[in-house]
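**Student:** Have a peek at model-v9.txt (compact mmCIF, C-alpha atoms).
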# COMPACT_ATOMS: atom_id res chain seq x y z
CA MET A 233 6.61 -13.28 -6.00
CA LYS A 234 6.89 -16.29 -8.25
CA LEU A 235 4.53 -14.80 -10.83
CA TYR A 236 6.50 -11.55 -11.24
CA ASN A 237 9.81 -13.45 -11.37
CA SER A 238 8.47 -15.77 -14.02
CA PHE A 239 7.09 -12.85 -16.10
CA ILE A 240 10.38 -10.95 -16.00
CA ALA A 241 12.42 -14.10 -16.76
CA VAL A 242 10.16 -15.11 -19.68
CA LEU A 243 10.19 -11.56 -21.07
CA ALA A 244 14.00 -11.44 -20.86
CA ALA A 245 14.25 -14.82 -22.61
CA VAL A 246 11.81 -13.74 -25.36
CA PHE A 247 13.67 -10.44 -25.93
CA SER A 248 16.99 -12.29 -26.16
CA GLY A 249 15.45 -14.86 -28.53
CA ILE A 250 14.04 -12.11 -30.77
CA THR A 251 17.44 -10.34 -30.87
CA VAL A 252 19.35 -13.55 -31.72
CA ILE A 253 16.86 -14.63 -34.42
CA MET A 254 16.66 -11.18 -36.05
CA ALA A 255 20.43 -10.75 -35.90
CA ALA A 256 20.84 -14.17 -37.51
CA PHE A 257 18.57 -13.03 -40.36
CA GLY A 258 20.68 -9.91 -40.75
CA VAL A 259 18.03 -7.36 -39.74
CA GLU A 260 19.75 -3.99 -39.45
CA GLN A 261 16.80 -1.68 -38.66
CA LEU A 262 16.50 -0.69 -35.01
CA ASP A 263 12.78 0.06 -35.45
CA ALA A 264 12.12 -3.55 -36.51
CA TYR A 265 13.63 -4.79 -33.24
CA PHE A 266 11.60 -2.28 -31.23
CA THR A 267 8.37 -3.32 -32.97
CA ALA A 268 9.08 -6.99 -32.21
CA TYR A 269 9.80 -6.21 -28.54
CA THR A 270 6.57 -4.19 -28.24
CA LEU A 271 4.52 -7.01 -29.75
CA ALA A 272 6.17 -9.57 -27.45
CA LEU A 273 5.44 -7.41 -24.40
CA LEU A 274 1.78 -6.93 -25.34
CA ILE A 275 1.27 -10.64 -26.09
CA LEU A 276 2.96 -11.81 -22.88
CA THR A 277 0.96 -9.33 -20.77
CA THR A 278 -2.23 -10.73 -22.28
CA LEU A 279 -1.16 -14.33 -21.68
CA TYR A 280 -0.43 -13.79 -17.98
CA VAL A 281 -4.03 -13.86 -16.78
CA SER A 282 -3.17 -14.21 -13.07
CA PHE A 283 -1.93 -10.65 -12.60
CA SER A 284 -3.91 -8.56 -10.15
CA PRO A 285 -5.81 -5.59 -11.64
CA ARG A 286 -3.12 -3.30 -10.13
CA ALA A 287 -0.26 -5.15 -11.83
CA ARG A 288 -2.20 -5.26 -15.08
CA ARG A 289 -2.71 -1.48 -14.96
CA ALA A 290 1.03 -0.98 -14.35
CA LEU A 291 1.95 -3.23 -17.26
CA SER A 292 -0.61 -1.49 -19.48
CA THR A 293 1.26 1.78 -18.84
CA VAL A 294 4.54 0.25 -20.08
CA GLY A 295 2.66 -1.30 -23.01
CA LEU A 296 1.16 2.08 -23.82
CA VAL A 297 4.60 3.76 -23.78
CA ALA A 298 6.00 1.02 -26.03
CA PHE A 299 2.96 1.28 -28.31
CA ALA A 300 3.45 5.06 -28.53
CA GLY A 301 7.04 4.42 -29.62
CA PHE A 302 5.77 1.93 -32.20
CA MET A 303 3.29 4.51 -33.55
CA VAL A 304 6.11 7.08 -33.87
CA ILE A 305 8.08 4.54 -35.93
CA VAL A 306 5.03 3.88 -38.12
CA ALA A 307 4.49 7.65 -38.57
CA ILE A 308 8.14 8.15 -39.60
CA GLU A 309 7.85 5.27 -42.10
CA ILE A 310 4.66 6.78 -43.59
CA VAL A 311 6.31 10.21 -43.90
CA GLU A 312 9.31 8.60 -45.62
CA ILE A 313 7.06 6.71 -48.07
CA LEU A 314 4.97 9.79 -48.87
CA SER A 315 8.00 12.01 -49.34
CA GLY A 316 9.43 9.36 -51.69
CA ARG A 317 12.71 8.89 -49.87
CA MET B 98 3.59 2.75 -2.10
CA SER B 99 5.88 5.29 -0.36
CA LYS B 100 9.23 6.25 -1.89
CA SER B 101 11.34 4.65 0.87
CA LYS B 102 9.39 1.39 0.55
CA LEU B 103 9.84 1.52 -3.21
CA ASN B 104 13.61 2.04 -2.91
CA LYS B 105 13.89 -1.17 -0.87
CA ASN B 106 11.84 -3.13 -3.36
CA PRO B 107 14.06 -5.58 -5.31
CA TYR B 108 11.96 -5.19 -8.48
CA TYR B 109 12.41 -1.41 -8.36
CA ARG B 110 16.18 -1.75 -7.89
CA LEU B 111 16.41 -4.25 -10.74
CA GLY B 112 14.33 -1.91 -12.89
CA VAL B 113 16.55 1.11 -12.21
CA ILE B 114 19.73 -0.90 -12.90
CA LEU B 115 18.33 -2.21 -16.20
CA VAL B 116 17.04 1.20 -17.39
CA VAL B 117 20.32 2.99 -16.54
CA SER B 118 22.51 0.23 -18.07
CA GLY B 119 20.32 0.09 -21.19
CA ALA B 120 20.35 3.88 -21.57
CA ILE B 121 24.18 3.88 -21.38
CA LEU B 122 24.85 0.77 -23.47
CA ALA B 123 22.40 1.37 -26.35
CA PRO B 124 24.06 4.62 -27.64
CA VAL B 125 27.54 3.16 -27.02
CA PHE B 126 26.72 0.07 -29.12
CA TYR B 127 25.02 2.15 -31.82
CA LEU B 128 27.48 5.03 -32.16
CA ILE B 129 30.83 3.47 -31.24
CA LEU B 130 30.49 -0.24 -32.05
CA GLU B 131 27.92 0.41 -34.83
CA SER B 132 26.10 -2.80 -33.97
CA VAL B 133 22.32 -2.70 -34.43
CA PRO B 134 21.55 -6.05 -32.65
CA LEU B 135 23.56 -5.00 -29.58
CA SER B 136 21.86 -1.57 -29.54
CA ALA B 137 18.52 -3.39 -29.75
CA LEU B 138 19.57 -5.45 -26.75
CA GLY B 139 20.15 -2.18 -24.89
CA ILE B 140 16.62 -1.02 -25.80
CA SER B 141 15.21 -4.35 -24.60
CA MET B 142 17.00 -3.76 -21.28
CA ILE B 143 15.23 -0.40 -20.95
CA ILE B 144 11.81 -1.99 -21.64
CA LEU B 145 12.54 -4.82 -19.17
CA GLY B 146 13.65 -2.25 -16.58
CA LEU B 147 10.43 -0.25 -17.03
CA VAL B 148 8.38 -3.44 -16.63
CA SER B 149 10.26 -4.40 -13.46
CA SER B 150 9.97 -0.97 -11.83
CA MET B 151 6.27 -0.71 -12.69
CA LEU B 152 5.65 -4.16 -11.19
CA ALA B 153 7.39 -2.98 -7.99
CA GLY B 154 4.64 -0.42 -7.42
CA SER B 155 1.89 -2.96 -7.97
CA ARG B 156 3.21 -5.49 -5.47
CA PRO B 157 0.56 -6.30 -2.84
CA ASP B 158 0.92 -4.19 0.34
CA ILE B 159 1.12 -7.40 2.35
CA THR B 160 3.70 -9.84 1.05
CA PRO B 161 2.52 -13.32 0.02
CA GLU B 162 4.55 -14.75 2.93
CA ALA B 163 2.72 -12.52 5.43
CA SER B 164 -0.64 -13.39 3.80
CA GLN B 165 0.15 -17.10 4.20
CA MET B 166 1.14 -16.65 7.85
CA MET B 167 -2.07 -14.76 8.62
CA LEU B 168 -4.09 -17.35 6.71
CA ILE B 169 -2.60 -20.21 8.74
CA SER B 170 -3.01 -18.44 12.10
CA GLY B 171 -6.64 -17.63 11.23
CA ILE B 172 -7.27 -21.26 10.33
CA GLN B 173 -5.70 -22.53 13.56
CA ASN B 174 -7.87 -20.20 15.67
CA LEU B 175 -11.02 -21.25 13.84
CA ALA B 176 -10.00 -24.93 14.04
CA SER B 177 -9.63 -24.64 17.84
CA LEU B 178 -13.10 -23.11 18.11
CA LEU B 179 -14.71 -25.79 15.92
CA GLU B 180 -12.91 -28.57 17.77
CA GLU B 181 -13.97 -27.18 21.14
CA LEU B 182 -17.61 -27.02 20.01
CA GLY B 183 -17.39 -30.49 18.47
CA LEU B 184 -18.89 -29.40 15.15
CA ARG B 185 -18.61 -31.92 12.33
CA SER B 186 -21.08 -30.71 9.73
CA ARG B 187 -19.81 -29.42 6.43
CA ALA B 188 -19.98 -25.66 6.02
CA ILE B 189 -22.29 -23.92 3.59
CA TYR B 190 -20.70 -20.92 1.94
CA LEU B 191 -23.11 -18.03 1.57
CA PRO B 192 -22.74 -14.99 -0.70
CA SER B 193 -22.72 -11.51 0.78
CA GLN B 194 -26.27 -10.55 1.66
CA GLU B 195 -27.93 -8.03 -0.64
CA GLY B 196 -24.50 -6.83 -1.72
CA GLU B 197 -23.60 -5.76 1.83
CA GLY B 198 -20.80 -7.03 4.03
CA ARG B 199 -18.63 -10.01 3.30
CA PRO B 200 -19.62 -13.51 2.21
CA ARG B 201 -19.66 -15.90 5.17
CA ALA B 202 -19.91 -19.60 5.91
CA LEU B 203 -22.65 -21.26 7.93
CA ILE B 204 -21.81 -24.40 9.90
CA PRO B 205 -25.05 -26.04 11.04
CA LEU B 206 -24.86 -27.37 14.62
CA GLN B 207 -26.65 -30.54 13.67
CA GLU B 208 -24.55 -33.04 11.77
CA ASN B 209 -26.15 -34.49 8.61
CA GLY B 210 -29.09 -32.19 9.13
CA ALA B 211 -31.17 -30.85 6.27
CA VAL B 212 -29.47 -28.37 4.02
CA PRO B 213 -30.68 -24.94 5.01
CA LYS B 214 -32.65 -23.41 2.16
CA ASN B 215 -33.45 -19.73 1.79
CA THR B 216 -31.53 -18.65 4.87
CA GLY B 217 -32.67 -15.07 4.42
CA LYS B 218 -30.62 -12.36 6.04
CA LEU B 219 -28.46 -13.86 8.76
CA PRO B 220 -27.66 -11.69 11.77
CA GLU B 221 -24.12 -10.35 12.14
CA ARG B 222 -23.23 -12.68 15.00
CA LEU B 223 -21.35 -15.93 15.60
CA VAL B 224 -24.32 -18.12 16.54
CA ALA B 225 -27.35 -17.56 14.33
CA ARG B 226 -30.71 -19.15 13.62
CA TYR B 227 -31.15 -19.92 9.92
CA GLY B 228 -34.56 -21.61 9.85
CA PRO B 229 -37.82 -22.01 11.75
CA GLY B 230 -36.92 -25.43 13.23
CA MET B 231 -35.69 -25.96 16.80
CA HIS B 232 -32.32 -27.21 15.64
CA ASP B 233 -31.85 -24.74 12.79
CA ILE B 234 -28.98 -23.06 14.53
CA GLY B 235 -25.50 -22.71 13.18
CA LEU B 236 -22.20 -20.97 13.51
CA VAL B 237 -21.66 -18.12 11.04
CA VAL B 238 -17.97 -17.47 10.43
CA THR B 239 -15.85 -15.32 8.19
CA THR B 240 -13.57 -17.60 6.17
CA PRO B 241 -10.15 -16.90 4.62
CA GLY B 242 -11.86 -16.55 1.25
CA SER B 243 -14.27 -13.88 2.52
CA VAL B 244 -11.47 -11.44 3.26
CA SER B 245 -9.38 -12.34 0.22
CA LEU B 246 -12.22 -11.35 -2.12
CA ASP B 247 -11.71 -7.70 -1.12
CA GLY B 248 -10.37 -5.73 -4.04
CA VAL B 249 -10.82 -8.60 -6.50
CA GLY B 250 -13.18 -7.87 -9.36
CA ILE B 251 -15.99 -10.24 -8.44
CA GLU B 252 -19.58 -9.02 -8.35
CA PRO B 253 -22.37 -10.81 -6.48
CA GLY B 254 -24.16 -12.86 -9.14
CA GLY B 255 -21.61 -11.86 -11.77
CA GLY B 256 -21.70 -15.36 -13.30
CA TYR B 257 -19.41 -18.35 -13.25
CA GLU B 258 -17.01 -16.73 -15.75
CA GLN B 259 -15.75 -14.57 -12.88
CA ILE B 260 -14.73 -17.53 -10.71
CA GLU B 261 -11.60 -18.51 -12.63
CA GLY B 262 -10.30 -14.95 -12.96
CA ALA B 263 -10.90 -14.16 -9.29
CA LEU B 264 -9.25 -17.38 -8.11
CA ASN B 265 -6.23 -16.80 -10.35
CA ASN B 266 -5.93 -13.29 -8.94
CA ILE B 267 -6.11 -14.44 -5.31
CA LEU B 268 -4.27 -17.77 -5.31
CA VAL B 269 -1.64 -17.02 -7.96
CA GLY B 270 -1.34 -13.24 -8.15
CA ILE B 271 -1.76 -12.15 -4.52
CA MET B 272 -1.09 -15.11 -2.23
CA ASP B 273 1.32 -17.00 -4.47
CA LEU B 274 -0.23 -20.30 -3.32
CA ALA B 275 -0.45 -22.05 -6.71
CA ASP B 276 0.81 -21.94 -10.28
CA SER B 277 -2.58 -21.68 -12.01
CA VAL B 278 -6.30 -22.23 -11.45
CA SER B 279 -9.01 -23.36 -13.84
CA ALA B 280 -12.74 -23.59 -13.12
CA ASN B 281 -15.71 -24.99 -15.01
CA ILE B 282 -19.34 -25.68 -14.22
CA SER B 283 -21.50 -28.67 -15.15
CA ASN B 284 -24.74 -30.10 -13.73
CA GLY B 285 -24.86 -27.68 -10.85
CA ARG B 286 -21.31 -28.43 -9.78
CA VAL B 287 -18.28 -26.22 -10.03
CA VAL B 288 -15.02 -28.10 -10.61
CA VAL B 289 -11.87 -26.17 -9.71
CA ASN B 290 -8.43 -27.50 -10.66
CA ILE B 291 -5.45 -25.99 -8.88
CA THR B 292 -2.03 -26.64 -10.38
CA LYS B 293 0.92 -27.05 -8.02
CA PRO B 294 -0.69 -25.88 -4.76
CA ARG B 295 1.81 -24.81 -2.12
CA LEU B 296 -0.35 -25.62 0.91
CA LYS B 297 -0.53 -29.29 1.84
CA TYR B 298 -3.83 -30.93 2.77
CA GLU B 299 -3.99 -31.80 6.46
CA ASN B 300 -6.54 -33.99 8.15
CA ILE B 301 -7.48 -31.42 10.80
CA TRP B 302 -10.87 -30.42 12.12
CA PHE B 303 -11.01 -27.21 10.14
CA TYR B 304 -10.40 -29.01 6.84
CA ARG B 305 -13.17 -31.53 7.55
CA CYS B 306 -15.60 -28.72 8.34
CA LEU B 307 -14.67 -25.86 6.04
CA GLY B 308 -12.40 -27.65 3.57
CA SER B 309 -8.76 -26.82 2.90
CA PRO B 310 -7.90 -23.09 2.76
CA MET B 311 -7.79 -23.21 -1.03
CA ALA B 312 -11.12 -25.03 -1.26
CA SER B 313 -12.56 -22.51 1.18
CA ILE B 314 -11.39 -19.61 -1.00
CA ALA B 315 -12.75 -21.36 -4.11
CA ALA B 316 -16.14 -21.98 -2.44
CA THR B 317 -16.40 -18.36 -1.29
CA ALA B 318 -15.57 -17.04 -4.77
CA ALA B 319 -18.07 -19.45 -6.37
CA SER B 320 -20.88 -18.58 -3.95
CA GLN B 321 -20.28 -14.88 -4.51
CA ALA B 322 -20.07 -15.14 -8.31
CA LEU B 323 -23.14 -17.38 -8.56
CA SER B 324 -24.96 -15.61 -5.70
CA SER B 325 -25.96 -19.04 -4.34
CA PRO B 326 -25.02 -21.13 -1.31
CA VAL B 327 -22.19 -23.52 -2.11
CA ARG B 328 -20.84 -26.57 -0.28
CA ILE B 329 -17.50 -28.30 -0.79
CA ASP B 330 -18.37 -31.77 -2.02
CA ARG B 331 -14.92 -33.25 -2.25
CA GLU B 332 -11.27 -32.53 -2.64
CA GLU B 333 -8.80 -34.88 -4.22
CA LYS B 334 -5.13 -34.81 -5.03
CA THR B 335 -4.39 -35.21 -8.73
CA ARG B 336 -1.16 -35.60 -10.66
CA LYS B 337 -1.08 -31.86 -11.37
CA GLY B 338 -2.31 -30.64 -8.00
CA LEU B 339 -5.71 -30.40 -6.38
CA LYS B 340 -9.23 -30.97 -7.72
CA ILE B 341 -12.09 -29.38 -5.78
CA GLU B 342 -15.72 -30.16 -6.48
CA LEU B 343 -18.28 -27.65 -5.25
CA GLU B 344 -21.98 -28.32 -4.98
CA VAL B 345 -24.22 -25.36 -5.82
CA LEU B 346 -27.22 -25.64 -3.49
CA GLU B 347 -29.78 -23.47 -5.27
So that I can check it, write out the structure of this file as structure tokens.
**Tutor:**
Amino acid sequence: MKLYNSFIAVLAAVFSGITVIMAAFGVEQLDAYFTAYTLALLILTTLYVSFSPRARRALSTVGLVAFAGFMVIVAIEIVEILSGR
Amino acid sequence: MSKSKLNKNPYYRLGVILVVSGAILAPVFYLILESVPLSALGISMIILGLVSSMLAGSRPDITPEASQMMLISGIQNLASLLEELGLRSRAIYLPSQEGEGRPRALIPLQENGAVPKNTGKLPERLVARYGPGMHDIGLVVTTPGSVSLDGVGIEPGGGYEQIEGALNNILVGIMDLADSVSANISNGRVVVNITKPRLKYENIWFYRCLGSPMASIAATAASQALSSPVRIDREEKTRKGLKIELEVLE
């Protein structure tokens, strides 16, 4: 499946690129990396229009899990801001 | 997909390897090496693994290779039939009738005859009469595109916007026959551009009658989406791939 191979390869390249760029800028927060990965995954899934509805549903599940993780990070940040830490 | 089938799937195996490696490496990098970028790389491995294993479950039940083999054998059988009957007229792709059954193609017996208009409901048989005239008889066949539309989100009369999405799903996502497909409509013609097609055009009887397999699939999708009869006007090779022009007959 050329389409699946290309999606996985592009996603791996984008994740590696994000890690290298953020490391070069000295980012030391793990949540920042996770947020960037989630955004990259959601954007790439949207850009690959040729996926069958079944594949799209499967990728939406992963996107949803990643988005849930992102929301947890946001919630923690909000709690930290409100508690003044 | 059953569990044993899933275990043999290369995407599932890759997914499991990536998730397990990521789950081991991320805490090691974070707690022992105290490196945030390397830990992040471990998390990215977990995400990539989840993507790969989820894609394994959504792989078509029939592999693209098997789909291509069945497509070619179907074409060869139909080509033999057309050649034996000596039919030369270009096929007219009809949408499914009143939302029932599959879309089919009508090959009029008379070459260069008048284009059949308002064919009504054609009988479910190979040789059918489509008009009141003596010679208004044609062959009604199920084309490769008719079957491939199953399970693809295309509604009869759903509009031309559905053509591109459906063709991308079939030709790129399911059959792996091309890199991408674009479609646009102007002056009653649908122009479909296929990038890097992986089926070569052959000058065989079938292609002259029903068009190449990819043009046939495009015509079926267009006739279904527009709910109108469609005929393949021409096909030409371009620098990027294949350009198909479809004539909408109503």
**Student:** Just need the residues of chain B within 8 Å of chain A, counting only C-alpha atoms, so spit them out as a VMD selection string.
**Tutor:** chain B and resid 133 to 134 136 to 138 140 to 141 144 to 145 147 to 149 151 to 152 154 to 156 161 249 262 265 to 267 269 to 271 273 277
**Student:** Would you list the contacts of B:Asn284 as a VMD selection string, taking every protein, DNA or RNA residue within 12 Å and counting all atoms listed in the file, but skipping same-chain residues closer than 2 positions in sequence?
**Tutor:** chain B and resid 281 to 282 286 to 288 342 to 347
**Student:** Could you take the residues named above and write them with C-alpha atoms, as a tab-separated table (two decimals), in the coordinates of the input?
**Tutor:**
chain	number	residue	atom	x	y	z
B	281	ASN	CA	-15.71	-24.99	-15.01
B	282	ILE	CA	-19.34	-25.68	-14.22
B	286	ARG	CA	-21.31	-28.43	-9.78
B	287	VAL	CA	-18.28	-26.22	-10.03
B	288	VAL	CA	-15.02	-28.10	-10.61
B	342	GLU	CA	-15.72	-30.16	-6.48
B	343	LEU	CA	-18.28	-27.65	-5.25
B	344	GLU	CA	-21.98	-28.32	-4.98
B	345	VAL	CA	-24.22	-25.36	-5.82
B	346	LEU	CA	-27.22	-25.64	-3.49
B	347	GLU	CA	-29.78	-23.47	-5.27
**Student:** Quick check, in Å to one decimal: how far apart do atom CA of B:Arg305 and atom CA of B:Arg185 lie?
**Tutor:** 7.3 Å
**Student:** One decimal, Å: what's the distance from atom CA of B:Leu268 over to atom CA of B:Leu307, could you say?
**Tutor:**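 Computing it gives 17.4 Å between the two atoms.
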**Student:** For atom CA of B:Ser193 and atom CA of B:Thr239, determine how far apart the two atoms are, in Å to one decimal place.
**Tutor:** 10.8 Å
**Student:** Neighbouring residues of B:Leu236 were defined as those with any atom within 9 Å, considering all atoms listed in the file; residues of the same chain fewer than 2 positions away were excluded. Please report them as a PyMOL selection string.
**Tutor:** chain B and resi 202-206+222-226+234+238
**Student:** For B:Ala315, please output as a PyMOL selection string all residues within 9 Å (counting only C-alpha atoms; exclusion window: fewer than 5 positions along the same chain).
**Tutor:** chain B and resi 242+260+264+289+310+320+341+343
